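Raw contents of run.txt, compact mmCIF, C-alpha atoms:
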# COMPACT_ATOMS: atom_id res chain seq x y z
CA TYR B 1231 16.86 -46.23 7.45
CA ARG B 1232 14.03 -43.96 8.55
CA GLY B 1233 10.87 -45.03 6.85
CA PRO B 1234 8.07 -42.59 5.94
CA GLN B 1235 6.28 -43.13 9.27
CA LYS B 1236 9.41 -42.31 11.28
CA ILE B 1237 10.06 -39.12 9.28
CA HIS B 1238 6.40 -38.10 9.64
CA LEU B 1239 6.56 -38.66 13.40
CA LEU B 1240 9.77 -36.61 13.65
CA PHE B 1241 8.16 -33.76 11.72
CA PHE B 1242 4.96 -34.06 13.75
CA ARG B 1243 7.01 -33.99 16.95
CA LYS B 1244 8.62 -30.69 15.94
CA ILE B 1245 5.25 -29.00 15.70
CA MET B 1246 3.42 -30.73 18.54
CA LEU B 1247 5.11 -29.40 21.63
CA SER B 1248 3.79 -29.61 25.15
CA LYS B 1249 2.71 -26.36 26.77
CA ILE B 1250 5.94 -26.28 28.76
CA GLU B 1251 8.10 -26.94 25.68
CA LEU B 1252 6.25 -24.27 23.72
CA ARG B 1253 6.64 -21.75 26.55
CA GLU B 1254 10.37 -22.53 26.75
CA LYS B 1255 10.75 -22.21 22.97
CA ASN B 1256 8.88 -18.89 22.99
CA THR B 1257 10.98 -17.55 25.86
CA ARG B 1258 14.23 -18.66 24.23
CA PHE B 1259 13.22 -17.26 20.82
CA TRP B 1260 12.20 -13.82 22.11
CA ASN B 1261 15.22 -13.58 24.43
CA GLU B 1262 17.49 -14.36 21.49
CA PHE B 1263 15.70 -11.76 19.38
CA LYS B 1264 16.08 -9.19 22.16
CA SER B 1265 19.80 -9.95 22.24
CA TYR B 1266 19.96 -9.80 18.41
CA MET B 1267 18.45 -6.29 18.47
CA SER B 1268 20.35 -5.04 21.53
CA SER B 1269 22.83 -2.97 19.52
CA ASP B 1270 20.14 -1.33 17.34
CA ARG B 1271 19.07 2.06 18.60
CA SER B 1272 16.01 4.06 17.68
CA SER B 1273 16.38 6.58 14.87
CA ASN B 1274 16.32 9.25 17.60
CA GLY B 1275 19.47 7.69 19.09
CA LYS B 1276 17.82 6.23 22.20
CA LYS B 1277 18.17 2.65 23.39
CA MET B 1278 15.03 0.79 22.41
CA ASN B 1279 13.01 -2.10 23.81
CA TRP B 1280 12.02 -3.50 20.42
CA LEU B 1281 9.76 -6.19 21.92
CA ASN B 1282 7.63 -3.57 23.66
CA TYR B 1283 7.82 -0.69 21.23
CA PRO B 1284 6.88 2.58 22.99
CA THR B 1285 4.17 4.22 20.87
CA ASP B 1286 3.41 6.75 23.65
CA ILE B 1287 -0.31 6.26 22.98
CA LYS B 1288 -2.07 3.89 25.37
CA TYR B 1289 -4.21 2.14 22.75
CA ILE B 1290 -1.75 1.92 19.87
CA PHE B 1291 0.47 -1.16 19.88
CA LEU B 1292 3.21 -2.62 17.73
CA ARG B 1293 3.10 -6.39 18.05
CA LEU B 1294 5.42 -9.07 16.74
CA GLU B 1295 4.18 -12.58 15.99
CA ALA B 1296 5.84 -15.73 14.73
CA ASP B 1297 4.21 -19.12 14.23
CA LYS B 1298 4.13 -22.04 11.80
CA PHE B 1299 2.47 -19.83 9.18
CA GLY B 1300 5.06 -17.04 9.14
CA ALA B 1301 6.06 -13.87 10.93
CA ARG B 1302 4.13 -10.63 11.26
CA ILE B 1303 4.43 -7.13 12.61
CA ASN B 1304 1.08 -5.61 13.51
CA PHE B 1305 0.34 -1.94 14.11
CA ASP B 1306 -2.89 -2.10 16.11
CA ILE B 1307 -5.22 0.81 16.89
CA GLN B 1308 -7.41 -0.37 19.76
CA ALA B 1309 -9.21 2.80 20.88
CA LYS B 1310 -12.52 1.92 22.52
CA ASP B 1311 -14.02 5.08 21.07
CA ALA B 1312 -14.78 4.28 17.42
CA GLY B 1313 -14.49 7.95 16.49
CA VAL B 1314 -10.95 8.19 17.87
CA ARG B 1315 -9.99 4.98 16.08
CA GLU B 1316 -11.37 6.36 12.83
CA VAL B 1317 -9.49 9.65 13.18
CA ILE B 1318 -6.19 7.83 13.78
CA TRP B 1319 -6.93 5.47 10.86
CA GLU B 1320 -7.61 8.39 8.53
CA GLN B 1321 -4.35 10.04 9.59
CA MET B 1322 -2.46 6.80 8.97
CA GLN B 1323 -4.01 6.64 5.49
CA GLU B 1324 -2.75 10.18 4.86
CA LEU B 1325 0.72 8.95 5.83
CA LYS B 1326 0.46 5.67 3.87
CA LYS B 1327 2.98 6.63 1.18
CA VAL B 1328 5.62 7.66 3.74
CA LEU B 1329 4.96 4.54 5.84
CA THR B 1330 5.14 2.31 2.75
CA ASP B 1331 8.48 3.86 1.77
CA ALA B 1332 9.87 3.30 5.29
CA MET B 1333 8.60 -0.31 5.51
CA GLY B 1334 9.50 -1.34 1.97
CA ASP B 1335 5.94 -2.49 1.23
CA PRO B 1336 2.43 -1.20 1.93
CA GLY B 1337 1.38 -4.04 4.20
CA THR B 1338 -2.23 -5.06 4.64
CA TRP B 1339 -4.65 -2.45 5.95
CA ILE B 1340 -7.75 -3.69 7.80
CA PHE B 1341 -10.05 -1.12 9.39
CA ASP B 1342 -12.40 -3.59 11.12
CA TYR B 1343 -10.37 -6.39 12.59
CA SER B 1344 -11.04 -8.57 15.62
CA THR B 1345 -9.52 -11.44 17.55
CA ASP B 1346 -10.87 -13.68 20.29
CA GLU B 1347 -9.40 -11.27 22.85
CA VAL B 1348 -10.15 -7.88 21.26
CA HIS B 1349 -13.14 -6.87 19.16
CA ALA B 1350 -13.33 -4.06 16.61
CA PHE B 1351 -9.89 -2.60 16.17
CA SER B 1352 -7.82 -1.51 13.20
CA ARG B 1353 -4.63 -3.18 12.02
CA ILE B 1354 -1.84 -2.56 9.56
CA GLN B 1355 0.15 -5.74 9.09
CA TRP B 1356 3.44 -6.64 7.42
CA GLU B 1357 3.98 -10.34 6.94
CA THR B 1358 6.33 -12.93 5.56
CA THR B 1359 4.95 -16.42 4.97
CA ASP B 1360 8.14 -18.14 3.87
CA VAL B 1361 9.27 -18.90 7.44
CA ASN B 1362 8.15 -21.24 10.19
CA PHE B 1363 8.73 -20.48 13.88
CA PHE B 1364 9.21 -24.20 14.55
CA VAL B 1365 12.01 -24.64 11.99
CA GLU B 1366 15.29 -23.70 13.66
CA ASP B 1367 16.90 -22.79 10.33
CA ASP B 1368 14.22 -20.10 9.82
CA LYS B 1369 15.08 -18.20 12.99
CA GLU B 1370 17.65 -15.95 11.31
CA LYS B 1371 15.21 -15.12 8.49
CA ILE B 1372 12.54 -14.22 11.05
CA PHE B 1373 14.99 -12.05 13.00
CA ASN B 1374 16.08 -10.29 9.79
CA PHE B 1375 12.47 -9.69 8.77
CA PHE B 1376 11.64 -8.23 12.19
CA ARG B 1377 14.77 -6.07 12.22
CA GLU B 1378 14.13 -4.66 8.75
CA LYS B 1379 10.50 -3.84 9.52
CA LEU B 1380 11.13 -2.52 13.04
CA VAL B 1381 13.91 -0.20 11.92
CA GLY B 1382 11.75 1.06 9.06
CA PHE B 1383 8.74 1.51 11.32
CA ASP B 1384 10.82 3.33 13.92
CA GLU B 1385 12.15 5.73 11.29
CA PHE B 1386 8.57 6.52 10.27
CA TYR B 1387 7.12 6.64 13.78
CA GLN B 1388 9.77 8.89 15.30
CA ASN B 1389 9.03 11.44 12.57
CA PHE B 1390 5.23 11.31 12.79
CA LYS B 1391 4.25 10.19 16.30
CA GLU B 1392 3.64 13.76 17.49
CA ILE B 1393 0.87 14.10 14.88
CA LEU B 1394 -0.84 10.98 16.26
CA ILE B 1395 -0.33 12.08 19.87
CA LEU B 1396 -1.90 15.46 19.13
CA LEU B 1397 -4.89 13.77 17.49
CA VAL B 1398 -5.80 11.89 20.66
CA LYS B 1399 -5.29 14.67 23.22
In structure tokens, write the structure found in this file.
Amino acid sequence: YRGPQKIHLLFFRKIMLSKIELREKNTRFWNEFKSYMSSDRSSNGKKMNWLNYPTDIKYIFLRLEADKFGARINFDIQAKDAGVREVIWEQMQELKKVLTDAMGDPGTWIFDYSTDEVHAFSRIQWETTDVNFFVEDDKEKIFNFFREKLVGFDEFYQNFKEILILLVK
């Protein structure tokens, strides 16, 4: 019999990992995801590094996150020049309908966003909150969420990236 304290400690143990355990879990998770996506090619037919999506613009990033709160894909515009960031943001708003169709939902659009590491950037985020990075049974759901959103984003981006590239030249 596992009393309430024992179950609580087992659950607590799953979330409270040492730095080394967390690093190993992260490495294993992302390596497995890379393998999971290895047969998926870009919509332009090229082999793709989905973990480091090539936007071809030095201050636009596509970032994947997974934690105990869910999984997210973030399209970040981190131009230091606020005017450049605003121009890209306005263009993305013009393309919002097409992007929404490709992604399956509009996501969350935040013009002024910041983190501890980066101040004042813009973010479009797609998120699922019904998964937990620390629950092994959720891994497949996280991978499926990432695949669906990455493939949709790639379809959109391959068609419209030249517009964004021309904006920043």
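Take the candidates B:Asp1306, B:Glu1392, B:Glu1357, B:Glu1316 and check each one against B:Met1333 using only C-alpha atoms; the shortest distance goes to B:Glu1357.
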Let me know the centre plus edge lengths, in Å and rounded to one decimal, of a box with edges along x, y and z that contains all listed atoms of stretch 1351-1363 of chain B and is padded by 6 Å on every side, as lines of an AutoDock Vina configuration file.
center_x = -0.3
center_y = -11.4
center_z = 10.0
size_x = 31.2
size_y = 31.7
size_z = 24.3
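Contact shell of B:Asn1282 at 12 Å (only C-alpha atoms; same-chain neighbours under 3 positions omitted): Trp1260, Lys1264, Met1278, Asn1279, Thr1285, Asp1286, Ile1290, Phe1291, Leu1292, Arg1293, Leu1294 and Leu1380 of chain B.
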Between atom CA of B:Met1322 and atom CA of B:Glu1378 - distance in Å to one decimal: 20.2 Å
Using all atoms listed in the file, what residues lie at most 8 Å away from (17.2, -8.2, 17.1) (file coordinates), given as a ChimeraX atom specification? /B:1262-1268,1270,1280,1373-1374,1376-1377
What does the distance from atom CA of B:Val1314 to atom CA of B:Gln1388 come to in Å, to one decimal? 20.9 Å
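Pairwise distance (atom CA of B:Glu1385, atom CA of B:Lys1298) equals 28.9 Å.
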Nearest-residue call for B:Leu1281, choices B:Asp1335, B:Glu1366, B:Glu1295, B:Glu1251, using only C-alpha atoms: B:Glu1295
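With distances restricted to only C-alpha atoms, B:Ser1272 is the closest residue to B:Pro1284 from B:Asp1297, B:Ser1272, B:Ser1248, B:Ile1318.
Residue nearest B:Ile1393 within the list B:Ile1287, B:Ile1372, B:Ile1303, B:Ala1309: B:Ile1287 [criterion: smallest interatomic distance, all atoms listed in the file].
Here the question is which of B:Ile1250, B:Val1317, B:Leu1394, B:Ala1301 gets nearest to B:Lys1371 using only C-alpha atoms, and that residue is B:Ala1301.
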Applying 9 Å and only C-alpha atoms, which residues near stretch 1345-1351 of chain B remain after dropping the ones on its own chain fewer than 3 positions away? List them as a CSV table (one decimal) with C-alpha atoms, in the coordinates of the input.
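Written file, selection-v2.csv:
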chain,number,residue,atom,x,y,z
B,1306,ASP,CA,-2.9,-2.1,16.1
B,1307,ILE,CA,-5.2,0.8,16.9
B,1308,GLN,CA,-7.4,-0.4,19.8
B,1309,ALA,CA,-9.2,2.8,20.9
B,1310,LYS,CA,-12.5,1.9,22.5
B,1312,ALA,CA,-14.8,4.3,17.4
B,1315,ARG,CA,-10.0,5.0,16.1
B,1340,ILE,CA,-7.8,-3.7,7.8
B,1341,PHE,CA,-10.0,-1.1,9.4
B,1342,ASP,CA,-12.4,-3.6,11.1
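Minimum atom-to-atom distances from B:Lys1379, B:Arg1253, B:Arg1302, B:Arg1353 to B:Tyr1289 were compared using all atoms listed in the file, and the lowest value belongs to B:Arg1353.
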Limit the output to N, CA, C and O atoms and give stretch 1322-1344 of chain B as an mmCIF file, in the first residue's frame.
data_model
loop_
_atom_site.group_PDB
_atom_site.id
_atom_site.type_symbol
_atom_site.label_atom_id
_atom_site.label_comp_id
_atom_site.auth_asym_id
_atom_site.auth_seq_id
_atom_site.Cartn_x
_atom_site.Cartn_y
_atom_site.Cartn_z
ATOM 1 N N MET B 1322 3.108 40.845 -40.700
ATOM 2 C CA MET B 1322 2.556 39.594 -40.167
ATOM 3 C C MET B 1322 1.052 39.744 -39.931
ATOM 4 O O MET B 1322 0.283 38.810 -40.177
ATOM 5 N N GLN B 1323 0.613 40.907 -39.474
ATOM 6 C CA GLN B 1323 -0.817 41.135 -39.278
ATOM 7 C C GLN B 1323 -1.563 41.095 -40.608
ATOM 8 O O GLN B 1323 -2.689 40.610 -40.668
ATOM 9 N N GLU B 1324 -0.927 41.586 -41.665
ATOM 10 C CA GLU B 1324 -1.533 41.507 -43.001
ATOM 11 C C GLU B 1324 -1.688 40.053 -43.443
ATOM 12 O O GLU B 1324 -2.605 39.715 -44.184
ATOM 13 N N LEU B 1325 -0.786 39.205 -42.977
ATOM 14 C CA LEU B 1325 -0.787 37.790 -43.356
ATOM 15 C C LEU B 1325 -1.492 36.904 -42.326
ATOM 16 O O LEU B 1325 -1.456 35.677 -42.435
ATOM 17 N N LYS B 1326 -2.124 37.509 -41.336
ATOM 18 C CA LYS B 1326 -2.707 36.766 -40.214
ATOM 19 C C LYS B 1326 -3.705 35.697 -40.661
ATOM 20 O O LYS B 1326 -3.677 34.572 -40.157
ATOM 21 N N LYS B 1327 -4.557 35.997 -41.592
ATOM 22 C CA LYS B 1327 -5.558 35.030 -42.059
ATOM 23 C C LYS B 1327 -4.881 33.800 -42.680
ATOM 24 O O LYS B 1327 -5.248 32.667 -42.379
ATOM 25 N N VAL B 1328 -3.883 34.027 -43.514
ATOM 26 C CA VAL B 1328 -3.171 32.923 -44.164
ATOM 27 C C VAL B 1328 -2.412 32.103 -43.116
ATOM 28 O O VAL B 1328 -2.431 30.873 -43.148
ATOM 29 N N LEU B 1329 -1.763 32.791 -42.178
ATOM 30 C CA LEU B 1329 -1.028 32.104 -41.120
ATOM 31 C C LEU B 1329 -1.978 31.299 -40.233
ATOM 32 O O LEU B 1329 -1.696 30.145 -39.893
ATOM 33 N N THR B 1330 -3.115 31.874 -39.897
ATOM 34 C CA THR B 1330 -4.113 31.175 -39.081
ATOM 35 C C THR B 1330 -4.605 29.911 -39.786
ATOM 36 O O THR B 1330 -4.724 28.853 -39.166
ATOM 37 N N ASP B 1331 -4.869 30.017 -41.083
ATOM 38 C CA ASP B 1331 -5.306 28.850 -41.849
ATOM 39 C C ASP B 1331 -4.240 27.758 -41.840
ATOM 40 O O ASP B 1331 -4.547 26.579 -41.669
ATOM 41 N N ALA B 1332 -2.977 28.137 -41.995
ATOM 42 C CA ALA B 1332 -1.882 27.162 -42.023
ATOM 43 C C ALA B 1332 -1.675 26.514 -40.654
ATOM 44 O O ALA B 1332 -1.383 25.318 -40.563
ATOM 45 N N MET B 1333 -1.840 27.288 -39.577
ATOM 46 C CA MET B 1333 -1.574 26.788 -38.225
ATOM 47 C C MET B 1333 -2.783 26.095 -37.594
ATOM 48 O O MET B 1333 -2.640 25.388 -36.615
ATOM 49 N N GLY B 1334 -3.963 26.352 -38.125
ATOM 50 C CA GLY B 1334 -5.160 25.744 -37.555
ATOM 51 C C GLY B 1334 -5.777 26.566 -36.442
ATOM 52 O O GLY B 1334 -6.864 26.255 -35.976
ATOM 53 N N ASP B 1335 -5.109 27.590 -35.977
ATOM 54 C CA ASP B 1335 -5.669 28.527 -35.006
ATOM 55 C C ASP B 1335 -4.851 29.816 -35.049
ATOM 56 O O ASP B 1335 -3.708 29.813 -35.498
ATOM 57 N N PRO B 1336 -5.436 30.920 -34.586
ATOM 58 C CA PRO B 1336 -4.750 32.212 -34.733
ATOM 59 C C PRO B 1336 -3.563 32.409 -33.804
ATOM 60 O O PRO B 1336 -2.715 33.259 -34.047
ATOM 61 N N GLY B 1337 -3.485 31.635 -32.749
ATOM 62 C CA GLY B 1337 -2.408 31.847 -31.783
ATOM 63 C C GLY B 1337 -2.663 33.101 -30.971
ATOM 64 O O GLY B 1337 -3.718 33.728 -31.044
ATOM 65 N N THR B 1338 -1.677 33.479 -30.191
ATOM 66 C CA THR B 1338 -1.733 34.674 -29.360
ATOM 67 C C THR B 1338 -0.699 35.659 -29.889
ATOM 68 O O THR B 1338 0.474 35.318 -30.021
ATOM 69 N N TRP B 1339 -1.145 36.861 -30.185
ATOM 70 C CA TRP B 1339 -0.285 37.890 -30.768
ATOM 71 C C TRP B 1339 0.036 38.934 -29.705
ATOM 72 O O TRP B 1339 -0.873 39.566 -29.148
ATOM 73 N N ILE B 1340 1.329 39.136 -29.430
ATOM 74 C CA ILE B 1340 1.759 40.076 -28.399
ATOM 75 C C ILE B 1340 2.845 40.971 -28.995
ATOM 76 O O ILE B 1340 3.960 40.508 -29.261
ATOM 77 N N PHE B 1341 2.512 42.246 -29.204
ATOM 78 C CA PHE B 1341 3.485 43.148 -29.820
ATOM 79 C C PHE B 1341 4.635 43.475 -28.867
ATOM 80 O O PHE B 1341 5.797 43.435 -29.244
ATOM 81 N N ASP B 1342 4.323 43.830 -27.640
ATOM 82 C CA ASP B 1342 5.364 44.150 -26.653
ATOM 83 C C ASP B 1342 5.484 43.016 -25.651
ATOM 84 O O ASP B 1342 4.694 42.919 -24.711
ATOM 85 N N TYR B 1343 6.466 42.197 -25.849
ATOM 86 C CA TYR B 1343 6.716 41.048 -24.993
ATOM 87 C C TYR B 1343 8.139 41.168 -24.473
ATOM 88 O O TYR B 1343 8.998 41.771 -25.129
ATOM 89 N N SER B 1344 8.414 40.602 -23.316
ATOM 90 C CA SER B 1344 9.794 40.581 -22.825
ATOM 91 C C SER B 1344 9.992 39.374 -21.927
ATOM 92 O O SER B 1344 9.034 38.815 -21.389
#
